[in-house]
$ cat model23.cif   # mmCIF, C-alpha atoms and all ligand atoms
data_protein
#
loop_
_atom_site.label_atom_id
_atom_site.label_comp_id
_atom_site.auth_asym_id
_atom_site.auth_seq_id
_atom_site.Cartn_x
_atom_site.Cartn_y
_atom_site.Cartn_z
CA MET A 1 2.08 4.44 -28.82
CA GLU A 2 2.02 4.34 -32.61
CA PRO A 3 1.37 0.62 -33.17
CA LEU A 4 -1.35 0.78 -30.53
CA THR A 5 -3.01 3.79 -32.12
CA LYS A 6 -3.13 1.84 -35.39
CA THR A 7 -4.40 -1.46 -34.01
CA ASP A 8 -6.71 -0.17 -31.35
CA PRO A 9 -7.42 3.56 -31.44
CA GLU A 10 -10.07 3.22 -28.74
CA ILE A 11 -7.70 1.81 -26.12
CA ALA A 12 -4.88 4.11 -27.25
CA GLU A 13 -7.15 7.06 -26.67
CA ILE A 14 -8.20 5.78 -23.24
CA ILE A 15 -4.56 5.42 -22.20
CA LEU A 16 -3.81 8.96 -23.34
CA ARG A 17 -6.81 10.35 -21.52
CA GLU A 18 -5.85 8.48 -18.34
CA GLU A 19 -2.35 9.92 -18.55
CA GLN A 20 -3.88 13.39 -18.91
CA ARG A 21 -6.14 12.74 -15.92
CA GLN A 22 -3.17 11.69 -13.80
CA ARG A 23 -1.22 14.74 -14.93
CA GLY A 24 -4.04 17.21 -14.27
CA GLU A 25 -5.11 16.04 -10.82
CA VAL A 26 -3.63 16.11 -7.34
CA ASN A 27 -3.66 12.44 -6.39
CA LEU A 28 -3.83 11.91 -2.63
CA ILE A 29 -4.76 8.23 -2.68
CA ALA A 30 -2.48 6.75 -0.02
CA SER A 31 -2.05 3.37 -1.75
CA GLU A 32 -1.06 4.76 -5.16
CA ASN A 33 2.12 6.12 -6.66
CA ILE A 34 3.67 6.77 -10.07
CA VAL A 35 6.44 4.56 -11.43
CA SER A 36 9.57 5.58 -13.27
CA ASP A 37 9.87 5.22 -17.03
CA ALA A 38 12.45 2.49 -16.31
CA VAL A 39 9.84 0.43 -14.43
CA LEU A 40 7.26 1.11 -17.15
CA LEU A 41 9.65 -0.07 -19.85
CA ALA A 42 10.51 -3.29 -18.04
CA GLN A 43 6.88 -4.16 -17.44
CA GLY A 44 5.93 -3.35 -21.01
CA SER A 45 8.68 -5.59 -22.39
CA VAL A 46 8.81 -8.86 -24.37
CA LEU A 47 9.39 -10.74 -21.12
CA THR A 48 5.58 -10.97 -21.10
CA ASN A 49 5.93 -13.64 -23.81
CA LYS A 50 7.71 -16.14 -21.59
CA TYR A 51 6.25 -19.01 -19.58
CA ALA A 52 8.50 -19.80 -16.61
CA GLU A 53 6.55 -22.00 -14.16
CA GLY A 54 8.87 -22.99 -11.35
CA TYR A 55 11.93 -21.18 -10.00
CA PRO A 56 15.33 -20.25 -11.54
CA GLY A 57 17.20 -23.43 -12.49
CA ARG A 58 14.10 -25.58 -11.80
CA ARG A 59 11.58 -24.56 -14.48
CA TYR A 60 8.89 -26.59 -16.17
CA TYR A 61 9.60 -24.92 -19.53
CA GLY A 62 12.59 -24.67 -21.85
CA GLY A 63 14.16 -21.38 -22.86
CA CYS A 64 14.14 -19.92 -19.37
CA GLU A 65 17.89 -19.28 -19.07
CA VAL A 66 17.62 -15.55 -19.76
CA VAL A 67 14.55 -14.79 -17.62
CA ASP A 68 16.15 -16.86 -14.83
CA GLU A 69 18.74 -14.10 -14.56
CA ALA A 70 16.00 -11.47 -14.16
CA GLU A 71 14.42 -13.43 -11.31
CA GLU A 72 17.80 -14.00 -9.62
CA LEU A 73 18.48 -10.27 -9.79
CA ALA A 74 15.04 -9.41 -8.41
CA ARG A 75 15.50 -11.87 -5.55
CA SER A 76 19.03 -10.81 -4.59
CA ARG A 77 18.15 -7.12 -4.78
CA ALA A 78 15.10 -7.66 -2.56
CA LEU A 79 17.29 -9.45 0.01
CA GLU A 80 19.85 -6.66 -0.01
CA LEU A 81 17.24 -3.89 0.14
CA PHE A 82 15.36 -5.32 3.11
CA GLY A 83 18.09 -7.40 4.77
CA ALA A 84 16.05 -10.61 4.52
CA GLU A 85 17.12 -14.27 4.20
CA HIS A 86 14.77 -15.41 1.44
CA ALA A 87 12.62 -13.62 -1.14
CA ASN A 88 9.83 -14.83 -3.40
CA VAL A 89 9.14 -12.34 -6.20
CA GLN A 90 6.32 -14.14 -8.01
CA SER A 91 3.11 -13.18 -6.17
CA HIS A 92 0.88 -11.32 -8.61
CA SER A 93 -0.34 -8.88 -5.95
CA GLY A 94 -0.38 -8.13 -2.24
CA THR A 95 -3.48 -10.22 -1.71
CA GLN A 96 -1.89 -13.16 -3.54
CA ALA A 97 1.22 -12.80 -1.38
CA ASN A 98 -0.93 -12.96 1.76
CA ILE A 99 -2.87 -15.99 0.52
CA ALA A 100 0.44 -17.75 -0.19
CA ALA A 101 1.86 -16.85 3.22
CA TYR A 102 -1.22 -18.23 4.97
CA GLY A 103 -0.99 -21.34 2.80
CA ALA A 104 2.62 -21.86 3.91
CA LEU A 105 1.99 -21.28 7.62
CA LEU A 106 -1.54 -22.59 8.24
CA SER A 107 -3.98 -25.42 7.62
CA PRO A 108 -7.63 -24.68 6.80
CA GLY A 109 -9.54 -23.86 9.99
CA ASP A 110 -6.46 -22.57 11.87
CA LYS A 111 -6.81 -19.50 14.07
CA VAL A 112 -5.36 -16.11 13.07
CA LEU A 113 -5.41 -12.79 14.92
CA ALA A 114 -5.26 -9.70 12.66
CA MET A 115 -6.25 -6.04 12.64
CA ASP A 116 -9.93 -5.23 12.23
CA LEU A 117 -10.80 -4.06 8.72
CA ALA A 118 -12.88 -1.20 10.14
CA HIS A 119 -9.87 -0.10 12.22
CA GLY A 120 -7.37 -0.02 9.38
CA GLY A 121 -6.81 -3.70 8.46
CA HIS A 122 -7.07 -5.19 4.95
CA LEU A 123 -9.68 -7.41 3.29
CA SER A 124 -7.07 -10.15 2.93
CA HIS A 125 -6.66 -10.18 6.73
CA GLY A 126 -9.68 -12.42 7.14
CA ALA A 127 -12.66 -10.29 6.11
CA ARG A 128 -15.81 -12.37 5.75
CA VAL A 129 -16.11 -11.45 2.06
CA SER A 130 -12.53 -12.60 1.40
CA LEU A 131 -11.48 -16.19 0.74
CA THR A 132 -9.04 -15.72 3.65
CA GLY A 133 -11.94 -15.27 6.08
CA LYS A 134 -13.67 -18.39 4.78
CA ILE A 135 -10.65 -20.71 4.93
CA TYR A 136 -9.22 -19.67 8.30
CA GLN A 137 -10.75 -18.73 11.62
CA PHE A 138 -9.91 -15.04 12.09
CA GLU A 139 -10.32 -12.92 15.17
CA HIS A 140 -9.64 -9.17 14.92
CA TYR A 141 -8.08 -6.61 17.21
CA PRO A 142 -9.37 -3.03 17.29
CA VAL A 143 -7.34 0.11 18.03
CA ASN A 144 -7.61 1.74 21.45
CA ALA A 145 -10.85 3.75 21.66
CA ASP A 146 -9.16 6.81 23.20
CA SER A 147 -5.78 7.00 21.47
CA GLU A 148 -7.05 5.42 18.22
CA MET A 149 -3.68 3.66 18.06
CA ILE A 150 -2.76 -0.01 18.24
CA ASP A 151 -2.93 -1.08 21.87
CA LEU A 152 -0.49 -3.94 22.45
CA ASP A 153 -2.02 -4.72 25.86
CA LEU A 154 -5.33 -5.33 24.12
CA VAL A 155 -3.64 -7.40 21.37
CA GLU A 156 -1.92 -9.45 24.07
CA GLN A 157 -5.16 -10.04 25.96
CA LEU A 158 -6.95 -11.16 22.77
CA ALA A 159 -4.02 -13.38 21.80
CA ARG A 160 -4.05 -15.08 25.22
CA GLU A 161 -7.77 -15.75 25.01
CA PHE A 162 -7.88 -16.78 21.35
CA GLN A 163 -4.57 -18.71 21.15
CA PRO A 164 -3.96 -18.02 17.43
CA LYS A 165 -1.44 -19.95 15.37
CA LEU A 166 -0.56 -16.76 13.51
CA ILE A 167 -0.65 -13.05 14.37
CA VAL A 168 -0.80 -10.53 11.51
CA ALA A 169 0.48 -6.98 11.92
CA GLY A 170 0.17 -4.36 9.19
CA ALA A 171 -2.56 -2.09 7.88
CA SER A 172 -4.14 -0.20 5.01
CA ALA A 173 -5.40 2.77 6.95
CA TYR A 174 -3.19 3.38 9.96
CA PRO A 175 -1.19 6.62 10.23
CA ARG A 176 1.22 5.61 13.00
CA ILE A 177 4.47 3.67 13.47
CA ILE A 178 3.80 -0.02 14.18
CA ASP A 179 5.83 -1.68 16.98
CA PHE A 180 6.81 -4.96 15.31
CA ALA A 181 9.06 -6.01 18.22
CA GLY A 182 6.06 -5.68 20.53
CA PHE A 183 3.97 -7.89 18.24
CA ARG A 184 6.74 -10.50 18.22
CA ARG A 185 6.87 -10.60 22.02
CA ILE A 186 3.13 -11.35 22.07
CA ALA A 187 3.46 -13.99 19.34
CA ASP A 188 6.25 -15.72 21.29
CA GLU A 189 4.23 -15.59 24.49
CA VAL A 190 1.26 -17.43 22.97
CA GLY A 191 3.30 -19.72 20.71
CA ALA A 192 2.13 -18.06 17.47
CA ARG A 193 4.07 -17.05 14.40
CA LEU A 194 4.22 -13.40 13.34
CA MET A 195 3.43 -12.26 9.81
CA VAL A 196 3.85 -8.59 8.91
CA ASP A 197 2.04 -7.15 5.90
CA MET A 198 3.98 -3.96 5.15
CA ALA A 199 2.17 -3.25 1.85
CA HIS A 200 1.63 0.44 2.55
CA ILE A 201 4.94 1.28 4.19
CA ALA A 202 7.43 -0.87 2.23
CA GLY A 203 9.13 2.21 0.73
CA LEU A 204 9.50 3.74 4.19
CA VAL A 205 10.87 0.45 5.57
CA ALA A 206 13.34 0.05 2.68
CA THR A 207 14.86 3.42 3.55
CA GLY A 208 14.77 3.22 7.35
CA VAL A 209 12.05 5.89 7.57
CA HIS A 210 9.83 3.30 9.34
CA PRO A 211 11.36 0.58 11.59
CA SER A 212 11.80 -2.72 9.75
CA PRO A 213 9.71 -5.79 10.53
CA ILE A 214 12.37 -8.12 9.08
CA PRO A 215 14.23 -8.83 12.35
CA HIS A 216 10.96 -9.65 14.13
CA ALA A 217 8.59 -11.40 11.71
CA HIS A 218 8.67 -15.00 10.51
CA VAL A 219 7.19 -13.86 7.20
CA VAL A 220 6.84 -10.38 5.69
CA THR A 221 4.50 -9.74 2.77
CA THR A 222 4.12 -6.57 0.74
CA THR A 223 2.95 -4.98 -2.45
CA THR A 224 5.61 -3.26 -4.52
CA HIS A 225 3.39 -0.52 -5.96
CA LYS A 226 2.59 1.70 -2.99
CA THR A 227 5.31 3.71 -1.21
CA LEU A 228 7.92 1.36 -2.74
CA ARG A 229 7.03 2.89 -6.15
CA GLY A 230 7.41 -0.25 -8.22
CA PRO A 231 5.16 -2.25 -10.55
CA ARG A 232 1.77 -3.58 -9.43
CA SER A 233 2.88 -6.82 -7.76
CA GLY A 234 3.63 -8.68 -4.53
CA LEU A 235 6.71 -9.80 -2.61
CA ILE A 236 7.26 -12.26 0.24
CA LEU A 237 10.32 -12.19 2.51
CA CYS A 238 11.03 -14.88 5.07
CA ARG A 239 13.57 -16.82 7.09
CA LYS A 240 15.59 -19.48 5.23
CA LYS A 241 13.80 -22.20 7.22
CA LEU A 242 10.46 -21.24 5.63
CA ALA A 243 11.78 -20.68 2.09
CA LYS A 244 10.62 -23.98 0.63
CA LYS A 245 7.16 -23.76 2.14
CA ILE A 246 6.67 -20.18 0.92
CA ASP A 247 7.89 -20.96 -2.59
CA SER A 248 5.60 -23.99 -2.94
CA ALA A 249 2.65 -22.03 -1.55
CA VAL A 250 3.12 -19.40 -4.29
CA PHE A 251 3.74 -21.93 -7.07
CA PRO A 252 2.10 -24.40 -7.52
CA GLY A 253 0.04 -23.63 -4.39
CA GLY A 254 -1.88 -20.62 -5.63
CA GLN A 255 -0.50 -19.47 -8.95
CA GLY A 256 0.66 -20.75 -12.31
CA GLY A 257 3.37 -19.08 -14.38
CA PRO A 258 5.00 -15.94 -13.00
CA LEU A 259 4.65 -12.64 -14.89
CA MET A 260 8.31 -12.34 -15.90
CA HIS A 261 7.93 -8.78 -17.20
CA LEU A 262 6.75 -7.82 -13.70
CA VAL A 263 9.53 -9.84 -12.07
CA ALA A 264 11.99 -7.73 -14.12
CA ALA A 265 10.13 -4.53 -13.22
CA ARG A 266 10.40 -5.44 -9.52
CA ALA A 267 14.18 -5.80 -9.99
CA VAL A 268 14.29 -2.26 -11.42
CA CYS A 269 12.22 -0.94 -8.53
CA PHE A 270 14.49 -2.56 -5.91
CA GLN A 271 17.52 -1.03 -7.66
CA GLU A 272 15.90 2.42 -7.56
CA ALA A 273 14.87 2.03 -3.92
CA LYS A 274 18.50 1.46 -2.88
CA THR A 275 19.59 4.93 -3.93
CA GLU A 276 20.15 7.98 -1.74
CA ALA A 277 17.62 9.85 -3.90
CA PHE A 278 14.95 7.32 -2.94
CA ARG A 279 15.83 7.59 0.74
CA GLN A 280 15.33 11.34 0.51
CA TYR A 281 12.08 10.75 -1.34
CA ALA A 282 10.73 8.50 1.43
CA GLN A 283 11.67 11.04 4.06
CA LYS A 284 9.96 13.77 2.07
CA ILE A 285 6.74 11.72 1.81
CA VAL A 286 6.51 11.73 5.60
CA GLU A 287 7.47 15.41 5.92
CA ASN A 288 4.75 16.32 3.43
CA SER A 289 2.22 14.13 5.23
CA ILE A 290 2.97 15.66 8.64
CA HIS A 291 2.82 19.18 7.16
CA LEU A 292 -0.50 18.53 5.39
CA GLY A 293 -1.89 17.02 8.59
CA GLU A 294 -0.95 20.17 10.53
CA ILE A 295 -2.67 22.46 8.03
CA LEU A 296 -5.86 20.38 8.02
CA SER A 297 -5.87 20.04 11.77
CA ASP A 298 -5.28 23.78 12.30
CA GLY A 299 -8.22 24.35 9.95
CA GLY A 300 -10.56 22.36 12.18
CA LEU A 301 -10.40 18.87 10.64
CA ARG A 302 -9.90 16.22 13.32
CA LEU A 303 -7.15 13.71 12.52
CA VAL A 304 -7.65 10.16 13.72
CA SER A 305 -5.02 9.45 16.43
CA GLY A 306 -4.20 13.17 16.41
CA GLY A 307 -1.67 13.14 13.57
CA THR A 308 0.60 11.00 11.45
CA ASP A 309 4.05 9.37 11.50
CA ASN A 310 3.90 7.99 7.98
CA HIS A 311 2.63 8.69 4.46
CA MET A 312 -1.05 8.98 5.33
CA ILE A 313 -3.62 10.94 7.25
CA LEU A 314 -6.97 9.57 8.34
CA ALA A 315 -9.42 12.44 8.82
CA ASP A 316 -12.63 12.38 10.84
CA LEU A 317 -15.08 14.40 8.75
CA ARG A 318 -17.65 14.59 11.54
CA SER A 319 -15.54 17.48 12.78
CA MET A 320 -16.80 19.40 9.72
CA ASP A 321 -20.30 17.88 9.65
CA LEU A 322 -19.51 15.83 6.57
CA THR A 323 -19.40 12.21 5.46
CA GLY A 324 -16.72 10.54 3.35
CA ASP A 325 -18.83 10.14 0.21
CA ILE A 326 -19.67 13.86 0.08
CA ALA A 327 -16.10 14.96 0.78
CA GLU A 328 -14.65 12.56 -1.81
CA ALA A 329 -17.09 13.78 -4.48
CA ALA A 330 -16.63 17.50 -3.76
CA LEU A 331 -12.82 17.26 -3.69
CA GLY A 332 -12.91 15.10 -6.81
CA LYS A 333 -14.73 17.83 -8.72
CA ALA A 334 -11.82 20.13 -7.93
CA GLY A 335 -9.31 17.54 -9.17
CA ILE A 336 -8.18 16.54 -5.67
CA VAL A 337 -8.47 12.76 -5.44
CA VAL A 338 -8.92 11.06 -2.06
CA ASN A 339 -10.84 8.04 -0.88
CA MET A 340 -13.57 7.84 1.71
CA ASN A 341 -12.69 5.52 4.56
CA MET A 342 -14.10 4.04 7.74
CA ILE A 343 -12.57 5.43 10.90
CA PRO A 344 -12.14 3.40 14.10
CA TYR A 345 -15.45 2.82 15.92
CA ASP A 346 -17.24 4.44 12.98
CA PRO A 347 -20.97 4.57 13.67
CA ALA A 348 -21.69 5.25 9.97
CA PRO A 349 -22.13 2.59 7.23
CA PRO A 350 -19.17 1.67 4.91
CA ARG A 351 -20.72 3.36 1.86
CA ARG A 352 -21.13 6.59 3.76
CA PRO A 353 -18.25 6.42 6.24
CA SER A 354 -17.16 9.21 8.57
CA GLY A 355 -13.64 9.46 7.30
CA MET A 356 -11.31 9.97 4.38
CA ARG A 357 -7.79 8.75 3.80
CA ILE A 358 -5.20 11.14 2.40
CA GLY A 359 -1.69 10.15 1.30
CA THR A 360 1.37 11.95 -0.01
CA PRO A 361 3.37 9.30 -1.99
CA THR A 362 2.26 10.44 -5.45
CA ILE A 363 2.51 14.20 -5.04
CA THR A 364 5.93 13.73 -3.45
CA SER A 365 7.05 11.62 -6.44
CA ARG A 366 6.01 14.54 -8.63
CA GLY A 367 8.33 16.80 -6.65
CA MET A 368 5.75 18.71 -4.62
CA GLY A 369 6.90 20.10 -1.28
CA SER A 370 6.05 22.61 1.40
CA ASP A 371 4.67 25.41 -0.86
CA GLU A 372 2.41 23.03 -2.76
CA ILE A 373 1.24 21.38 0.48
CA ASN A 374 0.18 24.82 1.76
CA LEU A 375 -1.93 25.37 -1.35
CA ILE A 376 -3.44 21.88 -1.39
CA GLY A 377 -4.20 21.89 2.33
CA ASN A 378 -6.04 25.20 2.11
CA TRP A 379 -7.98 24.12 -1.00
CA ILE A 380 -9.11 21.00 0.83
CA LEU A 381 -10.29 23.06 3.82
CA GLU A 382 -12.15 25.54 1.62
CA ILE A 383 -13.98 22.76 -0.19
CA LEU A 384 -14.84 20.89 2.99
CA ARG A 385 -16.26 24.08 4.50
CA GLU A 386 -18.49 24.73 1.47
CA PRO A 387 -18.81 21.45 -0.45
CA THR A 388 -21.76 22.76 -2.48
CA ASP A 389 -20.16 26.04 -3.63
CA GLU A 390 -19.80 25.05 -7.28
CA ASN A 391 -18.21 28.33 -8.34
CA ARG A 392 -15.48 28.12 -5.76
CA ILE A 393 -14.87 24.44 -6.59
CA GLU A 394 -14.59 25.33 -10.25
CA SER A 395 -12.06 28.04 -9.57
CA ILE A 396 -10.01 25.68 -7.37
CA ARG A 397 -10.17 23.14 -10.23
CA ALA A 398 -8.43 25.70 -12.45
CA ASP A 399 -5.81 26.37 -9.76
CA VAL A 400 -5.20 22.62 -9.37
CA ARG A 401 -4.69 22.28 -13.10
CA GLU A 402 -2.22 25.12 -13.15
CA LEU A 403 -0.28 23.73 -10.18
CA CYS A 404 -0.08 20.30 -11.81
CA GLN A 405 1.49 21.70 -14.96
CA GLY A 406 4.74 22.30 -13.09
CA PHE A 407 4.99 18.73 -11.79
CA PRO A 408 5.33 15.89 -14.30
CA THR A 409 3.89 12.42 -13.73
CA ARG A 410 6.57 10.70 -15.81
CA ILE A 411 9.62 10.29 -13.63
C1 LIG B 1 -2.89 -2.82 -0.61
C2 LIG B 1 -2.80 -3.86 0.44
C3 LIG B 1 -2.82 -5.23 0.12
C4 LIG B 1 -3.25 -5.81 -1.20
O1 LIG B 1 -2.69 -5.46 -2.32
P1 LIG B 1 -3.29 -5.84 -3.76
O2 LIG B 1 -2.08 -5.76 -4.59
O3 LIG B 1 -4.35 -4.83 -4.04
O4 LIG B 1 -3.83 -7.22 -3.68
C5 LIG B 1 -2.60 -6.14 1.14
N1 LIG B 1 -2.38 -5.74 2.39
C6 LIG B 1 -2.40 -4.44 2.74
C7 LIG B 1 -2.15 -4.08 4.17
C8 LIG B 1 -2.62 -3.47 1.78
O5 LIG B 1 -2.66 -2.19 2.14
#
$ encode --input "model23.cif" --output "structure tokens"
Amino acid sequence: MEPLTKTDPEIAEIILREEQRQRGEVNLIASENIVSDAVLLAQGSVLTNKYAEGYPGRRYYGGCEVVDEAEELARSRALELFGAEHANVQSHSGTQANIAAYGALLSPGDKVLAMDLAHGGHLSHGARVSLTGKIYQFEHYPVNADSEMIDLDLVEQLAREFQPKLIVAGASAYPRIIDFAGFRRIADEVGARLMVDMAHIAGLVATGVHPSPIPHAHVVTTTTHKTLRGPRSGLILCRKKLAKKIDSAVFPGGQGGPLMHLVAARAVCFQEAKTEAFRQYAQKIVENSIHLGEILSDGGLRLVSGGTDNHMILADLRSMDLTGDIAEAALGKAGIVVNMNMIPYDPAPPRRPSGMRIGTPTITSRGMGSDEINLIGNWILEILREPTDENRIESIRADVRELCQGFPTRI
């Protein structure tokens, strides 16, 4: 930090304060995590200085022979980790990976069937406000109104009617196992390709804690910074047959030079994710999530779909006469960070949705387990029951701070 403190004390101070914030709060944002010091070091390295447009051995710049090795390592480790045939490790983010995958598989105007944003899908799955929704013709499938789970019969019916060229499976707010084999059967039936966006669950997939989409999908996209606990970046995995198309869709299709420091940091993340310790970590994320769900549900909070199989819980706050904005703000004051979220068939507007999303990847990375989940679950219930009781919130804030002291954020 010293050179930074000298050159730019304002930013140095902001970074320190953000580290303190992360350390002093219970972060339950389902899409976040904390990276290891090894990942941090790689992404803060001099590899940021290098231009490397192109791919290893076929660059448009000189001096790439060393960074080529980093990209080769990242690619081969990704293949080994997920059991895929081809990997592209250059997409700057999950959204960029999706845009590249569409670019490789579709022409403008082509039809795509994906999960509804309001039912757990992602903006990059054809939302009107996203470039993806402007370039391609998207139709969206909802979850079943009763079970609040993906209903493959309904997906099949929509696919038959709509005749998409591509079906997208994968979600940002869905607490259940996704049946990728079932999606593939439907894709085959209507002559579509299957793309799986496993951004949220990649760490669970890498460790076998969630079934893998690799045997079923033509293309798999993901972020590397959610349950996979790597740097903020994207990854595309595909069959050998599609390798060339995917690579050209990433560069030069949608991006310029890769961020080689982040390519190296991905390699570190894939190495870490191969270990037995990481497998136990992924299992623990789900154990913690199920346990937290049980406490909240026993306390009167209705869980969308009745529970969870993965790292997240989607809660219906109408069961406690609350809306997402109020719950998020009240919990935030106590140092418990969640995000408000739409729930399936939500009658409320997006800025004041009926739900909140709660995830356990970060607290599990910090080493929290059953005892801490008991405390956190009961604090959440207390605050949701009396979201305006400032004194109680303040006292929980102190308890949260004390709890956090025992669990470092640098791992
Ligand atoms: C988080 C997420 C993304 C996008 O990731 P960014 O890196 O924020 O662009 C894409 N798809 C799904 C399903 C996600 O949850």
$ closest_residue --input "model23.cif" --among "A:Thr223, A:Gln137, A:Thr5, A:Ser212" --to "Ser107 of chain A" --atoms "only C-alpha atoms"
A:Gln137
$ residues_near_ligand --input "model23.cif" --ligand "ligand LIG 1 (chain B)" --cutoff "9 Å" --atoms "all atoms listed in the file" --output "PyMOL selection string"
chain A and resi 31+92-98+120-125+169-173+196-201+221-226+232-234
$ residues_around --input "model23.cif" --residues "Met149 of chain A" --least-positions-apart "5" --cutoff "8 Å" --atoms "all atoms listed in the file" --output "PyMOL selection string"
chain A and resi 143-144+176+305
$ residues_around --input "model23.cif" --residues "Leu113 of chain A" --least-positions-apart "5" --cutoff "6 Å" --atoms "all atoms listed in the file" --output "PyMOL selection string"
chain A and resi 138-140+164+167
$ closest_residue --input "model23.cif" --among "A:Asn33, A:Gln405, A:Gln271, A:Thr308" --to "Ala74 of chain A" --atoms "only C-alpha atoms"
A:Gln271
$ atom_distance --input "model23.cif" --atom1 "atom CA of Leu384 of chain A" --atom2 "atom CA of Leu317 of chain A"
8.7 Å
$ closest_residue --input "model23.cif" --among "A:Gln157, A:Met312, A:Ser91, A:Arg392" --to "Gln255 of chain A" --atoms "only C-alpha atoms"
A:Ser91
$ decode --input "model23.cif" --residues "segment 322-328 of chain A" --atoms "all heavy atoms" --output "PDB file, in the first residue's frame"
ATOM      1  N   LEU A 322     -43.405  -7.212   4.662  1.00  0.00           N
ATOM      2  CA  LEU A 322     -42.300  -6.298   4.338  1.00  0.00           C
ATOM      3  C   LEU A 322     -42.063  -6.275   2.837  1.00  0.00           C
ATOM      4  O   LEU A 322     -42.507  -7.163   2.115  1.00  0.00           O
ATOM      5  CB  LEU A 322     -41.015  -6.774   5.023  1.00  0.00           C
ATOM      6  CG  LEU A 322     -40.857  -6.480   6.508  1.00  0.00           C
ATOM      7  CD1 LEU A 322     -39.581  -7.131   7.005  1.00  0.00           C
ATOM      8  CD2 LEU A 322     -40.802  -4.973   6.764  1.00  0.00           C
ATOM      9  N   THR A 323     -41.307  -5.270   2.384  1.00  0.00           N
ATOM     10  CA  THR A 323     -40.837  -5.268   0.999  1.00  0.00           C
ATOM     11  C   THR A 323     -39.308  -5.313   1.017  1.00  0.00           C
ATOM     12  O   THR A 323     -38.671  -5.023   2.044  1.00  0.00           O
ATOM     13  CB  THR A 323     -41.315  -4.006   0.256  1.00  0.00           C
ATOM     14  OG1 THR A 323     -40.974  -2.863   1.029  1.00  0.00           O
ATOM     15  CG2 THR A 323     -42.812  -4.046   0.015  1.00  0.00           C
ATOM     16  N   GLY A 324     -38.733  -5.648  -0.140  1.00  0.00           N
ATOM     17  CA  GLY A 324     -37.295  -5.859  -0.230  1.00  0.00           C
ATOM     18  C   GLY A 324     -36.465  -4.635   0.125  1.00  0.00           C
ATOM     19  O   GLY A 324     -35.427  -4.747   0.783  1.00  0.00           O
ATOM     20  N   ASP A 325     -36.933  -3.459  -0.300  1.00  0.00           N
ATOM     21  CA  ASP A 325     -36.161  -2.238  -0.031  1.00  0.00           C
ATOM     22  C   ASP A 325     -36.051  -1.978   1.466  1.00  0.00           C
ATOM     23  O   ASP A 325     -34.977  -1.623   1.972  1.00  0.00           O
ATOM     24  CB  ASP A 325     -36.788  -1.035  -0.753  1.00  0.00           C
ATOM     25  CG  ASP A 325     -38.277  -0.898  -0.473  1.00  0.00           C
ATOM     26  OD1 ASP A 325     -38.944  -1.928  -0.280  1.00  0.00           O
ATOM     27  OD2 ASP A 325     -38.775   0.239  -0.424  1.00  0.00           O
ATOM     28  N   ILE A 326     -37.152  -2.202   2.196  1.00  0.00           N
ATOM     29  CA  ILE A 326     -37.146  -1.944   3.645  1.00  0.00           C
ATOM     30  C   ILE A 326     -36.275  -2.972   4.369  1.00  0.00           C
ATOM     31  O   ILE A 326     -35.457  -2.629   5.224  1.00  0.00           O
ATOM     32  CB  ILE A 326     -38.590  -1.943   4.185  1.00  0.00           C
ATOM     33  CG1 ILE A 326     -39.293  -0.689   3.659  1.00  0.00           C
ATOM     34  CG2 ILE A 326     -38.610  -1.970   5.706  1.00  0.00           C
ATOM     35  CD1 ILE A 326     -40.753  -0.626   3.965  1.00  0.00           C
ATOM     36  N   ALA A 327     -36.399  -4.228   3.971  1.00  0.00           N
ATOM     37  CA  ALA A 327     -35.608  -5.287   4.605  1.00  0.00           C
ATOM     38  C   ALA A 327     -34.115  -5.062   4.348  1.00  0.00           C
ATOM     39  O   ALA A 327     -33.289  -5.137   5.271  1.00  0.00           O
ATOM     40  CB  ALA A 327     -36.033  -6.649   4.069  1.00  0.00           C
ATOM     41  N   GLU A 328     -33.768  -4.757   3.085  1.00  0.00           N
ATOM     42  CA  GLU A 328     -32.359  -4.540   2.743  1.00  0.00           C
ATOM     43  C   GLU A 328     -31.771  -3.399   3.573  1.00  0.00           C
ATOM     44  O   GLU A 328     -30.661  -3.497   4.103  1.00  0.00           O
ATOM     45  CB  GLU A 328     -32.227  -4.236   1.248  1.00  0.00           C
ATOM     46  CG  GLU A 328     -30.798  -4.036   0.784  1.00  0.00           C
ATOM     47  CD  GLU A 328     -30.687  -3.567  -0.681  1.00  0.00           C
ATOM     48  OE1 GLU A 328     -31.182  -4.266  -1.576  1.00  0.00           O
ATOM     49  OE2 GLU A 328     -30.096  -2.498  -0.905  1.00  0.00           O
TER      50      GLU A 328
END
